[in-house]
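Novice: Enclosed is the structure file data_6.cif (mmCIF, C-alpha atoms and all ligand atoms).
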data_entry
#
loop_
_atom_site.label_atom_id
_atom_site.label_comp_id
_atom_site.auth_asym_id
_atom_site.auth_seq_id
_atom_site.Cartn_x
_atom_site.Cartn_y
_atom_site.Cartn_z
CA MET P 1 -76.23 -73.81 -82.08
CA LEU P 2 -78.04 -72.46 -79.05
CA PRO P 3 -76.48 -73.54 -75.78
CA GLY P 4 -79.48 -74.74 -73.85
CA VAL P 5 -82.85 -76.38 -73.86
CA ARG P 6 -85.86 -74.13 -73.81
CA ILE P 7 -88.53 -75.13 -71.35
CA SER P 8 -91.70 -74.00 -73.02
CA ASN P 9 -94.09 -74.95 -70.25
CA PRO P 10 -92.50 -74.57 -66.85
CA LEU P 11 -95.71 -75.57 -65.10
CA HIS P 12 -95.02 -78.92 -63.45
CA GLU P 13 -98.23 -79.81 -61.63
CA GLY P 14 -97.74 -81.51 -58.30
CA GLU P 15 -94.20 -80.26 -57.79
CA VAL P 16 -95.15 -76.74 -56.85
CA LEU P 17 -93.67 -75.23 -53.72
CA VAL P 18 -96.34 -73.87 -51.45
CA GLU P 19 -94.64 -71.50 -49.10
CA PRO P 20 -94.88 -67.86 -48.16
CA LEU P 21 -93.43 -65.48 -50.70
CA ASN P 22 -89.72 -65.62 -50.08
CA TYR P 23 -87.14 -63.08 -51.06
CA ILE P 24 -86.23 -64.64 -54.40
CA GLN P 25 -89.89 -64.88 -55.39
CA GLN P 26 -90.29 -61.26 -54.40
CA MET P 27 -87.40 -60.21 -56.66
CA LEU P 28 -88.70 -62.36 -59.51
CA SER P 29 -92.12 -60.74 -59.15
CA ARG P 30 -90.56 -57.30 -59.25
CA VAL P 31 -88.64 -58.04 -62.46
CA VAL P 32 -91.66 -59.62 -64.14
CA GLY P 33 -93.76 -56.62 -63.09
CA LEU P 34 -91.30 -54.28 -64.79
CA GLY P 35 -91.61 -56.33 -67.98
CA ALA P 36 -95.41 -56.12 -67.88
CA GLY P 37 -95.23 -52.35 -68.36
CA LYS P 38 -93.19 -52.93 -71.50
CA LYS P 39 -95.26 -55.91 -72.66
CA ALA P 40 -92.06 -57.93 -72.47
CA LYS P 41 -91.11 -61.29 -71.00
CA THR P 42 -88.41 -62.24 -68.53
CA LEU P 43 -85.86 -64.90 -69.44
CA ILE P 44 -84.36 -67.20 -66.79
CA VAL P 45 -81.15 -69.01 -67.73
CA ALA P 46 -80.59 -71.80 -65.25
CA CYS P 47 -79.12 -75.16 -64.33
CA GLY P 48 -78.94 -77.57 -61.40
CA HIS P 49 -81.14 -77.23 -58.35
CA ALA P 50 -81.61 -73.55 -59.12
CA LEU P 51 -83.27 -74.62 -62.37
CA LYS P 52 -85.72 -76.79 -60.45
CA ASP P 53 -86.38 -73.96 -58.03
CA SER P 54 -86.93 -71.55 -60.93
CA ILE P 55 -89.48 -73.89 -62.48
CA GLN P 56 -91.29 -74.11 -59.17
CA TYR P 57 -91.24 -70.37 -58.53
CA VAL P 58 -92.58 -69.69 -62.02
CA ALA P 59 -95.32 -72.25 -61.52
CA TYR P 60 -96.17 -71.08 -58.00
CA LEU P 61 -96.41 -67.47 -59.12
CA LYS P 62 -98.31 -68.48 -62.29
CA PHE P 63 -95.75 -66.69 -64.43
CA HIS P 64 -95.62 -69.28 -67.22
CA ASP P 65 -96.98 -66.80 -69.80
CA VAL P 66 -94.49 -64.08 -68.93
CA VAL P 67 -91.34 -66.03 -68.12
CA GLU P 68 -89.31 -68.38 -70.26
CA ILE P 69 -86.61 -70.64 -68.91
CA ILE P 70 -83.56 -71.97 -70.68
CA ASP P 71 -81.95 -75.03 -69.11
CA VAL P 72 -78.22 -74.84 -69.82
CA THR P 73 -77.28 -78.01 -67.95
CA GLY P 74 -74.50 -79.75 -69.86
CA SER P 75 -74.05 -76.87 -72.32
CA ASP P 76 -70.66 -75.74 -73.54
CA MET P 77 -69.81 -72.91 -71.16
CA SER P 78 -66.25 -72.35 -72.31
CA GLY P 79 -67.19 -68.96 -73.66
CA LYS P 80 -67.34 -70.14 -77.29
CA CYS P 81 -71.15 -70.20 -77.42
CA ALA P 82 -73.54 -67.54 -76.26
CA LEU P 83 -77.29 -67.14 -76.37
CA THR P 84 -78.68 -65.10 -79.23
CA VAL P 85 -80.56 -62.00 -78.14
CA GLU P 86 -84.33 -62.26 -78.57
CA PRO P 87 -86.21 -58.97 -78.53
CA GLN P 88 -89.22 -60.14 -76.48
CA PHE P 89 -87.11 -60.20 -73.30
CA HIS P 90 -86.61 -57.07 -71.19
CA ALA P 91 -84.37 -58.72 -68.60
CA VAL P 92 -82.42 -61.92 -68.06
CA LEU P 93 -82.13 -63.64 -64.69
CA ILE P 94 -79.36 -66.11 -63.92
CA ALA P 95 -80.12 -69.02 -61.60
CA ALA P 96 -77.23 -71.32 -60.69
CA ASP P 97 -76.15 -73.40 -57.71
CA SER P 98 -72.74 -71.88 -57.15
CA PRO P 99 -70.79 -68.70 -57.87
CA ALA P 100 -68.63 -70.68 -60.33
CA MET P 101 -71.68 -71.80 -62.30
CA MET P 102 -73.13 -68.31 -62.09
CA ILE P 103 -69.96 -66.96 -63.74
CA GLN P 104 -70.20 -69.57 -66.51
CA ILE P 105 -73.84 -68.77 -67.20
CA GLY P 106 -72.87 -65.11 -67.24
CA ARG P 107 -70.62 -65.92 -70.21
CA LEU P 108 -73.54 -67.50 -72.04
CA CYS P 109 -75.46 -64.25 -71.58
CA ALA P 110 -72.70 -62.04 -72.98
CA ASN P 111 -74.78 -61.02 -76.02
CA TYR P 112 -77.57 -59.80 -73.76
CA GLN P 113 -75.09 -57.78 -71.71
CA GLU P 114 -73.68 -56.24 -74.87
CA SER P 115 -77.11 -55.39 -76.24
CA GLY P 116 -77.90 -53.36 -73.11
CA ILE P 117 -80.43 -55.76 -71.59
CA PRO P 118 -79.91 -56.20 -67.84
CA VAL P 119 -78.63 -59.63 -66.80
CA VAL P 120 -79.02 -60.04 -63.07
CA VAL P 121 -78.20 -62.95 -60.81
CA ILE P 122 -81.18 -63.98 -58.78
CA MET P 123 -80.02 -67.30 -57.36
CA GLY P 124 -76.57 -68.74 -56.72
CA TRP P 125 -75.28 -65.37 -55.59
CA PRO P 126 -77.20 -63.35 -53.07
CA PRO P 127 -79.91 -61.49 -54.98
CA PRO P 128 -80.19 -57.69 -54.93
CA MET P 129 -80.94 -56.46 -51.45
CA ASP P 130 -83.62 -53.98 -50.47
CA GLY P 131 -83.81 -52.19 -47.12
CA ARG P 132 -86.08 -54.75 -45.42
CA GLN P 133 -83.89 -57.70 -46.35
CA PHE P 134 -80.81 -55.74 -45.30
CA GLN P 135 -82.27 -55.26 -41.82
CA ARG P 136 -83.12 -58.97 -41.54
CA GLU P 137 -79.64 -60.10 -42.54
CA ALA P 138 -77.75 -57.40 -40.65
CA ALA P 139 -79.46 -58.45 -37.45
CA SER P 140 -78.48 -62.13 -37.68
CA SER P 141 -76.47 -63.31 -34.71
CA GLY P 142 -73.25 -65.34 -34.46
CA ASN P 143 -70.44 -64.52 -36.87
CA LEU P 144 -70.51 -61.00 -38.23
CA THR P 145 -72.10 -61.23 -41.69
CA ILE P 146 -71.30 -58.94 -44.61
CA PRO P 147 -74.50 -56.91 -44.03
CA GLY P 148 -73.64 -56.94 -40.31
CA MET P 149 -70.17 -55.56 -41.06
CA PHE P 150 -71.63 -52.65 -43.02
CA ASP P 151 -74.09 -52.02 -40.22
CA VAL P 152 -71.26 -51.83 -37.67
CA ALA P 153 -69.23 -49.66 -40.05
CA ALA P 154 -72.09 -47.21 -40.51
CA SER P 155 -72.46 -46.70 -36.78
CA TYR P 156 -68.68 -46.37 -36.42
CA ILE P 157 -68.46 -43.71 -39.16
CA ARG P 158 -70.92 -41.35 -37.57
CA GLY P 159 -71.23 -37.60 -37.69
CA GLY P 160 -71.20 -35.06 -40.48
CA LYS P 161 -67.55 -35.62 -41.31
CA GLY P 162 -67.91 -39.32 -42.01
CA GLY P 163 -66.66 -39.21 -45.58
CA ASP P 164 -67.71 -41.05 -48.71
CA VAL P 165 -68.18 -44.77 -49.32
CA LEU P 166 -65.90 -46.09 -52.04
CA GLU P 167 -66.17 -49.58 -53.44
CA PHE P 168 -63.58 -51.19 -55.68
CA GLY P 169 -65.19 -54.29 -57.20
CA THR P 170 -68.97 -54.02 -57.30
CA PHE P 171 -70.12 -56.75 -59.70
CA GLN P 172 -73.93 -56.55 -59.39
CA GLY P 173 -73.85 -54.34 -56.34
CA ARG P 174 -74.69 -56.71 -53.47
CA SER P 175 -72.14 -55.26 -51.05
CA LEU P 176 -72.78 -51.69 -52.24
CA GLN P 177 -76.46 -52.27 -51.54
CA CYS P 178 -75.52 -53.34 -47.99
CA ALA P 179 -73.45 -50.20 -47.57
CA TYR P 180 -76.24 -48.02 -48.94
CA HIS P 181 -78.92 -49.45 -46.64
CA ALA P 182 -76.61 -49.39 -43.62
CA PHE P 183 -75.87 -45.68 -44.03
CA ASN P 184 -79.24 -44.67 -45.36
CA SER P 185 -81.06 -46.14 -42.34
CA ARG P 186 -79.24 -43.64 -40.10
CA GLN P 187 -80.41 -40.05 -40.06
CA TYR P 188 -76.89 -38.71 -39.57
CA ALA P 189 -75.48 -40.65 -42.51
CA LYS P 190 -78.06 -40.12 -45.22
CA ASP P 191 -75.88 -37.72 -47.19
CA ARG P 192 -73.03 -40.14 -47.97
CA ARG P 193 -71.83 -40.46 -51.53
CA PHE P 194 -71.53 -44.03 -52.82
CA ILE P 195 -68.87 -44.41 -55.46
CA ALA P 196 -68.56 -47.65 -57.42
CA PHE P 197 -65.32 -48.40 -59.26
CA ASP P 198 -65.56 -51.26 -61.74
CA SER P 199 -64.95 -52.06 -65.38
CA PHE P 200 -67.81 -54.60 -65.24
CA ALA P 201 -65.51 -56.73 -67.41
CA GLY P 202 -64.64 -59.07 -64.55
CA ILE P 203 -61.33 -59.67 -62.84
CA ILE P 204 -58.41 -58.12 -64.70
CA GLY P 205 -54.78 -58.37 -63.60
CA LYS P 206 -54.48 -61.67 -61.76
CA LYS P 207 -51.00 -63.13 -61.47
CA ALA P 208 -49.96 -66.77 -61.59
CA GLY P 209 -51.18 -68.58 -58.50
CA GLU P 210 -54.15 -66.31 -57.87
CA GLY P 211 -56.73 -68.65 -59.45
CA PHE P 212 -59.77 -67.23 -61.25
CA PHE P 213 -59.79 -66.62 -64.96
CA ASP P 214 -59.57 -63.20 -66.56
CA GLY P 215 -63.09 -61.88 -66.84
CA ALA P 216 -64.59 -63.82 -63.91
CA TYR P 217 -67.56 -61.83 -62.55
CA ALA P 218 -68.13 -60.00 -65.82
CA THR P 219 -71.41 -58.10 -65.91
CA SER P 220 -72.46 -54.68 -67.27
CA GLU P 221 -73.13 -51.25 -65.83
CA ILE P 222 -76.75 -51.60 -66.94
CA SER P 223 -77.10 -54.86 -65.00
CA PHE P 224 -75.46 -53.25 -61.96
CA ARG P 225 -77.88 -50.33 -62.13
CA PHE P 226 -80.85 -52.62 -62.65
CA ALA P 227 -79.87 -54.66 -59.56
CA ASN P 228 -79.62 -51.43 -57.56
CA PHE P 229 -83.03 -50.43 -58.80
CA LEU P 230 -84.41 -53.78 -57.59
CA ALA P 231 -82.67 -53.07 -54.29
CA GLU P 232 -84.56 -49.79 -54.06
CA ILE P 233 -81.56 -47.50 -54.39
CA PRO P 234 -82.27 -44.19 -56.17
CA GLU P 235 -80.11 -44.04 -59.28
CA ASP P 236 -78.57 -40.67 -58.41
CA ARG P 237 -77.16 -41.98 -55.10
CA VAL P 238 -74.51 -44.12 -56.78
CA LEU P 239 -71.73 -42.61 -58.81
CA VAL P 240 -70.07 -45.07 -61.16
CA VAL P 241 -66.46 -44.84 -62.29
CA ASN P 242 -66.56 -47.34 -65.13
CA GLY P 243 -63.32 -48.70 -66.54
CA PRO P 244 -60.35 -50.95 -65.88
CA TYR P 245 -58.35 -49.65 -62.92
CA ALA P 246 -55.18 -49.43 -65.01
CA ASP P 247 -57.08 -46.68 -66.79
CA THR P 248 -59.40 -45.00 -64.21
CA LEU P 249 -57.00 -45.33 -61.28
CA GLY P 250 -53.79 -45.43 -63.34
CA VAL P 251 -53.12 -43.44 -66.50
CA ASN P 252 -56.31 -41.41 -66.13
CA ALA P 253 -56.31 -41.13 -62.34
CA ALA P 254 -56.01 -37.33 -62.47
CA LYS P 255 -59.23 -37.13 -64.47
CA THR P 256 -61.01 -39.42 -61.98
CA ARG P 257 -59.73 -37.37 -59.04
CA GLN P 258 -61.06 -34.21 -60.64
CA LEU P 259 -64.46 -35.84 -61.24
CA LEU P 260 -64.80 -36.92 -57.61
CA GLU P 261 -63.55 -33.78 -55.90
CA PRO P 262 -63.89 -33.10 -52.97
CA LEU P 263 -63.33 -36.66 -51.79
CA VAL P 264 -62.86 -37.99 -48.27
CA ALA P 265 -62.54 -41.76 -47.89
CA GLY P 266 -64.71 -42.69 -44.91
CA LEU P 267 -65.14 -46.32 -45.88
CA VAL P 268 -63.17 -48.10 -48.59
CA HIS P 269 -64.41 -51.54 -49.60
CA ILE P 270 -61.95 -53.54 -51.65
CA ASP P 271 -63.44 -56.59 -53.35
CA CYS P 272 -61.46 -57.18 -56.51
CA ASP P 273 -59.99 -60.46 -55.21
CA VAL P 274 -56.49 -60.29 -56.69
CA GLU P 275 -53.45 -58.22 -55.79
CA ALA P 276 -52.87 -55.88 -58.74
CA PRO P 277 -56.29 -54.15 -58.85
CA ALA P 278 -56.44 -54.06 -55.03
CA LYS P 279 -53.07 -52.29 -54.95
CA LEU P 280 -54.22 -49.79 -57.62
CA ALA P 281 -57.27 -49.09 -55.45
CA LEU P 282 -55.17 -48.48 -52.33
CA ASP P 283 -52.78 -46.23 -54.24
CA PHE P 284 -55.73 -44.25 -55.56
CA VAL P 285 -57.34 -43.69 -52.15
CA THR P 286 -54.10 -42.79 -50.33
CA PRO P 287 -54.60 -39.00 -50.44
CA TYR P 288 -58.21 -39.31 -49.25
CA LEU P 289 -57.57 -41.45 -46.17
CA ARG P 290 -57.50 -39.85 -42.78
CA GLN P 291 -57.23 -40.91 -39.16
CA GLY P 292 -60.02 -43.41 -38.51
CA SER P 293 -60.97 -44.26 -42.11
CA LEU P 294 -62.10 -47.87 -42.50
CA LEU P 295 -60.62 -50.30 -45.00
CA LEU P 296 -62.66 -53.44 -45.75
CA PHE P 297 -61.21 -56.38 -47.64
CA ASP P 298 -63.74 -58.96 -48.74
CA GLU P 299 -61.24 -61.67 -49.69
CA TYR P 300 -58.48 -61.01 -47.19
CA ASP P 301 -57.92 -64.69 -46.35
CA LEU P 302 -58.25 -66.04 -49.89
CA HIS P 303 -55.32 -68.11 -51.25
CA HIS P 304 -54.96 -69.84 -47.85
CA ALA P 305 -54.07 -66.48 -46.32
CA ASN P 306 -50.77 -66.53 -48.23
CA ASN P 307 -49.19 -63.08 -47.82
CA ALA P 308 -47.87 -63.22 -51.38
CA PHE P 309 -51.31 -63.16 -53.02
CA GLY P 310 -54.54 -61.25 -53.26
CA GLU P 311 -55.85 -58.35 -51.24
CA ARG P 312 -53.59 -59.07 -48.27
CA ALA P 313 -50.49 -58.87 -50.49
CA ALA P 314 -51.76 -55.52 -51.78
CA LEU P 315 -52.21 -54.18 -48.25
CA ARG P 316 -48.73 -55.32 -47.19
CA ALA P 317 -47.10 -53.73 -50.23
CA TRP P 318 -49.05 -50.51 -49.71
CA LEU P 319 -48.11 -50.27 -46.01
CA LYS P 320 -44.46 -50.72 -46.94
CA GLU P 321 -44.65 -47.88 -49.44
CA ASN P 322 -46.67 -45.62 -47.11
CA PRO P 323 -45.01 -45.53 -43.71
CA GLN P 324 -47.19 -42.52 -42.80
CA PHE P 325 -50.04 -45.03 -42.29
CA ASP P 326 -50.62 -47.97 -40.02
CA VAL P 327 -53.68 -50.22 -39.76
CA GLU P 328 -55.39 -51.85 -36.81
CA LEU P 329 -57.75 -54.83 -37.11
CA PHE P 330 -61.33 -53.65 -36.62
CA ARG P 331 -63.47 -56.77 -37.31
CA THR P 332 -63.23 -60.12 -39.05
CA TYR P 333 -66.46 -60.99 -40.84
CA GLY P 334 -68.05 -63.11 -43.56
CA SER P 335 -65.82 -65.94 -44.70
CA GLY P 336 -62.28 -64.64 -44.67
CA ALA P 337 -63.05 -60.92 -44.79
CA ARG P 338 -61.41 -58.31 -42.55
CA SER P 339 -61.78 -54.65 -41.82
CA PHE P 340 -59.09 -52.29 -40.51
CA ILE P 341 -58.96 -48.83 -38.96
CA VAL P 342 -56.44 -46.56 -40.65
CA HIS P 343 -54.06 -44.66 -38.37
CA LYS P 344 -52.21 -41.67 -39.70
CA ARG P 345 -48.81 -41.27 -38.03
C1 LIG M 1 -65.91 -60.51 -56.66
S1 LIG M 1 -66.53 -59.29 -57.71
C2 LIG M 1 -67.19 -58.08 -56.60
C3 LIG M 1 -68.39 -58.57 -55.83
C4 LIG M 1 -69.26 -57.48 -55.23
N1 LIG M 1 -68.57 -56.66 -54.26
C5 LIG M 1 -70.54 -58.06 -54.62
O1 LIG M 1 -70.80 -57.86 -53.44
O2 LIG M 1 -71.27 -58.74 -55.34
C6 LIG M 1 -65.05 -58.51 -58.28
C7 LIG M 1 -65.29 -57.27 -59.14
O3 LIG M 1 -64.04 -56.60 -59.34
C8 LIG M 1 -63.99 -56.06 -60.65
N2 LIG M 1 -62.58 -55.95 -61.07
C9 LIG M 1 -61.59 -56.86 -60.86
N3 LIG M 1 -60.42 -56.44 -61.41
C10 LIG M 1 -60.68 -55.21 -61.95
C11 LIG M 1 -59.88 -54.27 -62.64
N4 LIG M 1 -58.56 -54.48 -62.86
N5 LIG M 1 -60.46 -53.12 -63.07
C12 LIG M 1 -61.78 -52.87 -62.82
N6 LIG M 1 -62.59 -53.74 -62.17
C13 LIG M 1 -62.05 -54.89 -61.74
C14 LIG M 1 -64.75 -57.07 -61.48
O4 LIG M 1 -65.28 -56.52 -62.68
C15 LIG M 1 -65.84 -57.57 -60.53
O5 LIG M 1 -67.05 -56.88 -60.72
#
Please express what this file holds, its structure, as structure tokens.
Ligand SMILES: C[S@@+](CC[C@H](N)C(=O)[O-])C[C@H]1O[C@@H](n2cnc3c(N)ncnc32)[C@H](O)[C@@H]1O
Specialist:
Amino acid sequence: MLPGVRISNPLHEGEVLVEPLNYIQQMLSRVVGLGAGKKAKTLIVACGHALKDSIQYVAYLKFHDVVEIIDVTGSDMSGKCALTVEPQFHAVLIAADSPAMMIQIGRLCANYQESGIPVVVIMGWPPPMDGRQFQREAASSGNLTIPGMFDVAASYIRGGKGGDVLEFGTFQGRSLQCAYHAFNSRQYAKDRRFIAFDSFAGIIGKKAGEGFFDGAYATSEISFRFANFLAEIPEDRVLVVNGPYADTLGVNAAKTRQLLEPLVAGLVHIDCDVEAPAKLALDFVTPYLRQGSLLLFDEYDLHHANNAFGERAALRAWLKENPQFDVELFRTYGSGARSFIVHKR
């Protein structure tokens, strides 16, 4: 049985938002435009307020002939059911009200992921970010935002010897897109390599007490690349090391090192949420760190900032094993994220 109710005519007269084209509408238009070239439709899988918004966007943009929406409100999202792939769709967009719901809908779209069709989150998680949106968000005042942090980092890591940008935990590339636009908007930093480490199979290696479920944030390399394309990043600027860290940074680390040579870690962004993969990432980058490298941890204060869990536990364990390094707080940013300057003793 299909999990969801198909909305055959998303045009709800009288309920249509009339507002200037916002960023989500812009992304939706871009995806639909790509489908037009292939004579294919776009599928939106949605629930909650994001469903209502999707209906309104589709109506406002007059996309009812080229977009179909499936309402999955109340569907079984335990992972037992998944949507059957239909060949008329070239891309699937997820619209949900929260990251948790986004993850659940992602499970429903597993067959699309496996068939090689991009499945990209367009609401409920910040949508892919192009250069213009990056500038708008990076410039926001008050607390340092995630785009703002990458902007500060890019001006900190200046000069020809800045090193590469390594990200451990990319999901659909939102933070990597921030890093790319931050560096790429600076003449002196246009030559950075962006290296994405992810299995795209979601979180692997959590221990008891770290929450999540195995596979949370599962996506696919194709979806990641599609999101980067929407974010206007040339494909050849991002190098992907695809695989579980126990493999790419563990048993096969030597192979990965050879592939990436010569590697200097200018900025290391760790966003794999739980301790074990974060520790594997730190162990992997150890030989590439130098005085002044930046370490960013997206979920540093998760688990009520308990030192026994998550990315902060990984950093503590790594510092203990590597007395040749020390770290100094650089910035706090986002909600519970921190960056550190590496000092080499
Ligand atoms: C929270 S998401 C990253 C979010 C991303 N930085 C963004 O801005 O959207 C965590 C990512 O870490 C990856 N991950 C977690 N554990 C992993 C492991 N052991 N091996 C490889 N990838 C892993 C997951 O696949 C997922 O894409």
Novice: One decimal, Å: what's the distance from atom CA of Val72 of chain P over to atom CA of Val121 of chain P, could you say?
Specialist: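 Interatomic distance here is 14.9 Å.
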Novice: What does the structure give for the distance between atom CA of Asp283 of chain P and atom CA of Trp318 of chain P, in Å to one decimal?
Specialist: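 Atom-to-atom, atom CA of Asp283 of chain P and atom CA of Trp318 of chain P are spaced 7.3 Å apart.
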Novice: Step by step, measure atom-to-atom distances between ligand LIG 1 (chain M) and each residue using all atoms listed in the file, keep those at most 6 Å, then write them as a PyMOL selection string.
Specialist: chain P and resi 169-175+198-205+217-218+243-245+271-272+277
Novice: In Å, with one decimal, what is the gap from atom CA of Ala95 of chain P to atom CA of Phe134 of chain P?
Specialist: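 Going from atom CA of Ala95 of chain P over to atom CA of Phe134 of chain P, I get 21.0 Å.
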Novice: Within 10 Å of segment 339-341 of chain P, counting only C-alpha atoms, which residues qualify if same-chain residues fewer than 6 places away don't, as a PDB file with C-alpha atoms, in the frame of the given file?
Specialist:
ATOM      1  CA  MET P 149     -70.170 -55.560 -41.060  1.00  0.00           C
ATOM      2  CA  ALA P 153     -69.230 -49.660 -40.050  1.00  0.00           C
ATOM      3  CA  LEU P 267     -65.140 -46.320 -45.880  1.00  0.00           C
ATOM      4  CA  VAL P 268     -63.170 -48.100 -48.590  1.00  0.00           C
ATOM      5  CA  HIS P 269     -64.410 -51.540 -49.600  1.00  0.00           C
ATOM      6  CA  ILE P 270     -61.950 -53.540 -51.650  1.00  0.00           C
ATOM      7  CA  ARG P 290     -57.500 -39.850 -42.780  1.00  0.00           C
ATOM      8  CA  GLN P 291     -57.230 -40.910 -39.160  1.00  0.00           C
ATOM      9  CA  GLY P 292     -60.020 -43.410 -38.510  1.00  0.00           C
ATOM     10  CA  SER P 293     -60.970 -44.260 -42.110  1.00  0.00           C
ATOM     11  CA  LEU P 294     -62.100 -47.870 -42.500  1.00  0.00           C
ATOM     12  CA  LEU P 295     -60.620 -50.300 -45.000  1.00  0.00           C
ATOM     13  CA  LEU P 296     -62.660 -53.440 -45.750  1.00  0.00           C
ATOM     14  CA  PHE P 297     -61.210 -56.380 -47.640  1.00  0.00           C
ATOM     15  CA  ASP P 298     -63.740 -58.960 -48.740  1.00  0.00           C
ATOM     16  CA  TYR P 300     -58.480 -61.010 -47.190  1.00  0.00           C
ATOM     17  CA  ASP P 326     -50.620 -47.970 -40.020  1.00  0.00           C
ATOM     18  CA  VAL P 327     -53.680 -50.220 -39.760  1.00  0.00           C
ATOM     19  CA  GLU P 328     -55.390 -51.850 -36.810  1.00  0.00           C
ATOM     20  CA  LEU P 329     -57.750 -54.830 -37.110  1.00  0.00           C
ATOM     21  CA  PHE P 330     -61.330 -53.650 -36.620  1.00  0.00           C
ATOM     22  CA  ARG P 331     -63.470 -56.770 -37.310  1.00  0.00           C
ATOM     23  CA  THR P 332     -63.230 -60.120 -39.050  1.00  0.00           C
ATOM     24  CA  TYR P 333     -66.460 -60.990 -40.840  1.00  0.00           C
TER      25      TYR P 333
END
Novice: Nearest to Asn242 of chain P: which of P:Arg193, P:Lys62, P:His181, P:Phe168 is it, counting all atoms listed in the file?
Specialist: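 Ranked by minimum distance to Asn242 of chain P, first place goes to P:Phe168.
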Novice: Could you name the residues that touch Arg312 of chain P at 10 Å or less, counting all atoms listed in the file, but leaving out those on the same chain fewer than 3 positions away, as a PDB file with C-alpha atoms, in the frame of the given file?
Specialist:
ATOM      1  CA  ASP P 273     -59.990 -60.460 -55.210  1.00  0.00           C
ATOM      2  CA  VAL P 274     -56.490 -60.290 -56.690  1.00  0.00           C
ATOM      3  CA  GLU P 275     -53.450 -58.220 -55.790  1.00  0.00           C
ATOM      4  CA  ALA P 278     -56.440 -54.060 -55.030  1.00  0.00           C
ATOM      5  CA  LYS P 279     -53.070 -52.290 -54.950  1.00  0.00           C
ATOM      6  CA  PHE P 297     -61.210 -56.380 -47.640  1.00  0.00           C
ATOM      7  CA  GLU P 299     -61.240 -61.670 -49.690  1.00  0.00           C
ATOM      8  CA  TYR P 300     -58.480 -61.010 -47.190  1.00  0.00           C
ATOM      9  CA  ASP P 301     -57.920 -64.690 -46.350  1.00  0.00           C
ATOM     10  CA  LEU P 302     -58.250 -66.040 -49.890  1.00  0.00           C
ATOM     11  CA  HIS P 303     -55.320 -68.110 -51.250  1.00  0.00           C
ATOM     12  CA  ALA P 305     -54.070 -66.480 -46.320  1.00  0.00           C
ATOM     13  CA  ASN P 306     -50.770 -66.530 -48.230  1.00  0.00           C
ATOM     14  CA  ASN P 307     -49.190 -63.080 -47.820  1.00  0.00           C
ATOM     15  CA  ALA P 308     -47.870 -63.220 -51.380  1.00  0.00           C
ATOM     16  CA  PHE P 309     -51.310 -63.160 -53.020  1.00  0.00           C
ATOM     17  CA  LEU P 315     -52.210 -54.180 -48.250  1.00  0.00           C
ATOM     18  CA  ARG P 316     -48.730 -55.320 -47.190  1.00  0.00           C
ATOM     19  CA  ALA P 317     -47.100 -53.730 -50.230  1.00  0.00           C
ATOM     20  CA  TRP P 318     -49.050 -50.510 -49.710  1.00  0.00           C
ATOM     21  CA  ARG P 338     -61.410 -58.310 -42.550  1.00  0.00           C
TER      22      ARG P 338
END
Novice: Which one of P:Tyr23, P:Phe194, P:Phe213, P:Tyr60 sits closest to Asp236 of chain P if you count only C-alpha atoms?
Specialist: P:Phe194
Novice: Which of these residues is nearest to Arg225 of chain P, using only C-alpha atoms: P:Ile117, P:Met123, P:Ile55, P:Ala182?
Specialist: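 Once distances to Arg225 of chain P are computed over only C-alpha atoms, the minimum belongs to P:Ile117.
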Novice: Which residue gives the smallest distance to Val5 of chain P among P:Ser155, P:Ser98, P:Ser185, P:Thr73, with all atoms listed in the file counted?
Specialist: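 Closest to Val5 of chain P, using all atoms listed in the file: P:Thr73.
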Novice: Could you check the closest approach to Pro147 of chain P for each of P:Val67, P:Leu108, P:Ala179, P:Ile122 and tell me which residue wins, using all atoms listed in the file?
Specialist: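 Under the stated criterion, the closest residue is P:Ala179.
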Novice: Smallest atom-to-atom distance to Gly148 of chain P: which of P:Leu61, P:Ile233, P:Cys178, P:Val251, using only C-alpha atoms?
Specialist: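 The closest residue to Gly148 of chain P is P:Cys178.
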Novice: Quick one: residues within 12 Å of Gly163 of chain P, only C-alpha atoms, excluding same-chain residues fewer than 3 positions away - as a PyMOL selection string?
Specialist: chain P and resi 154+156-160+166+183+188-195+262-268+288-294
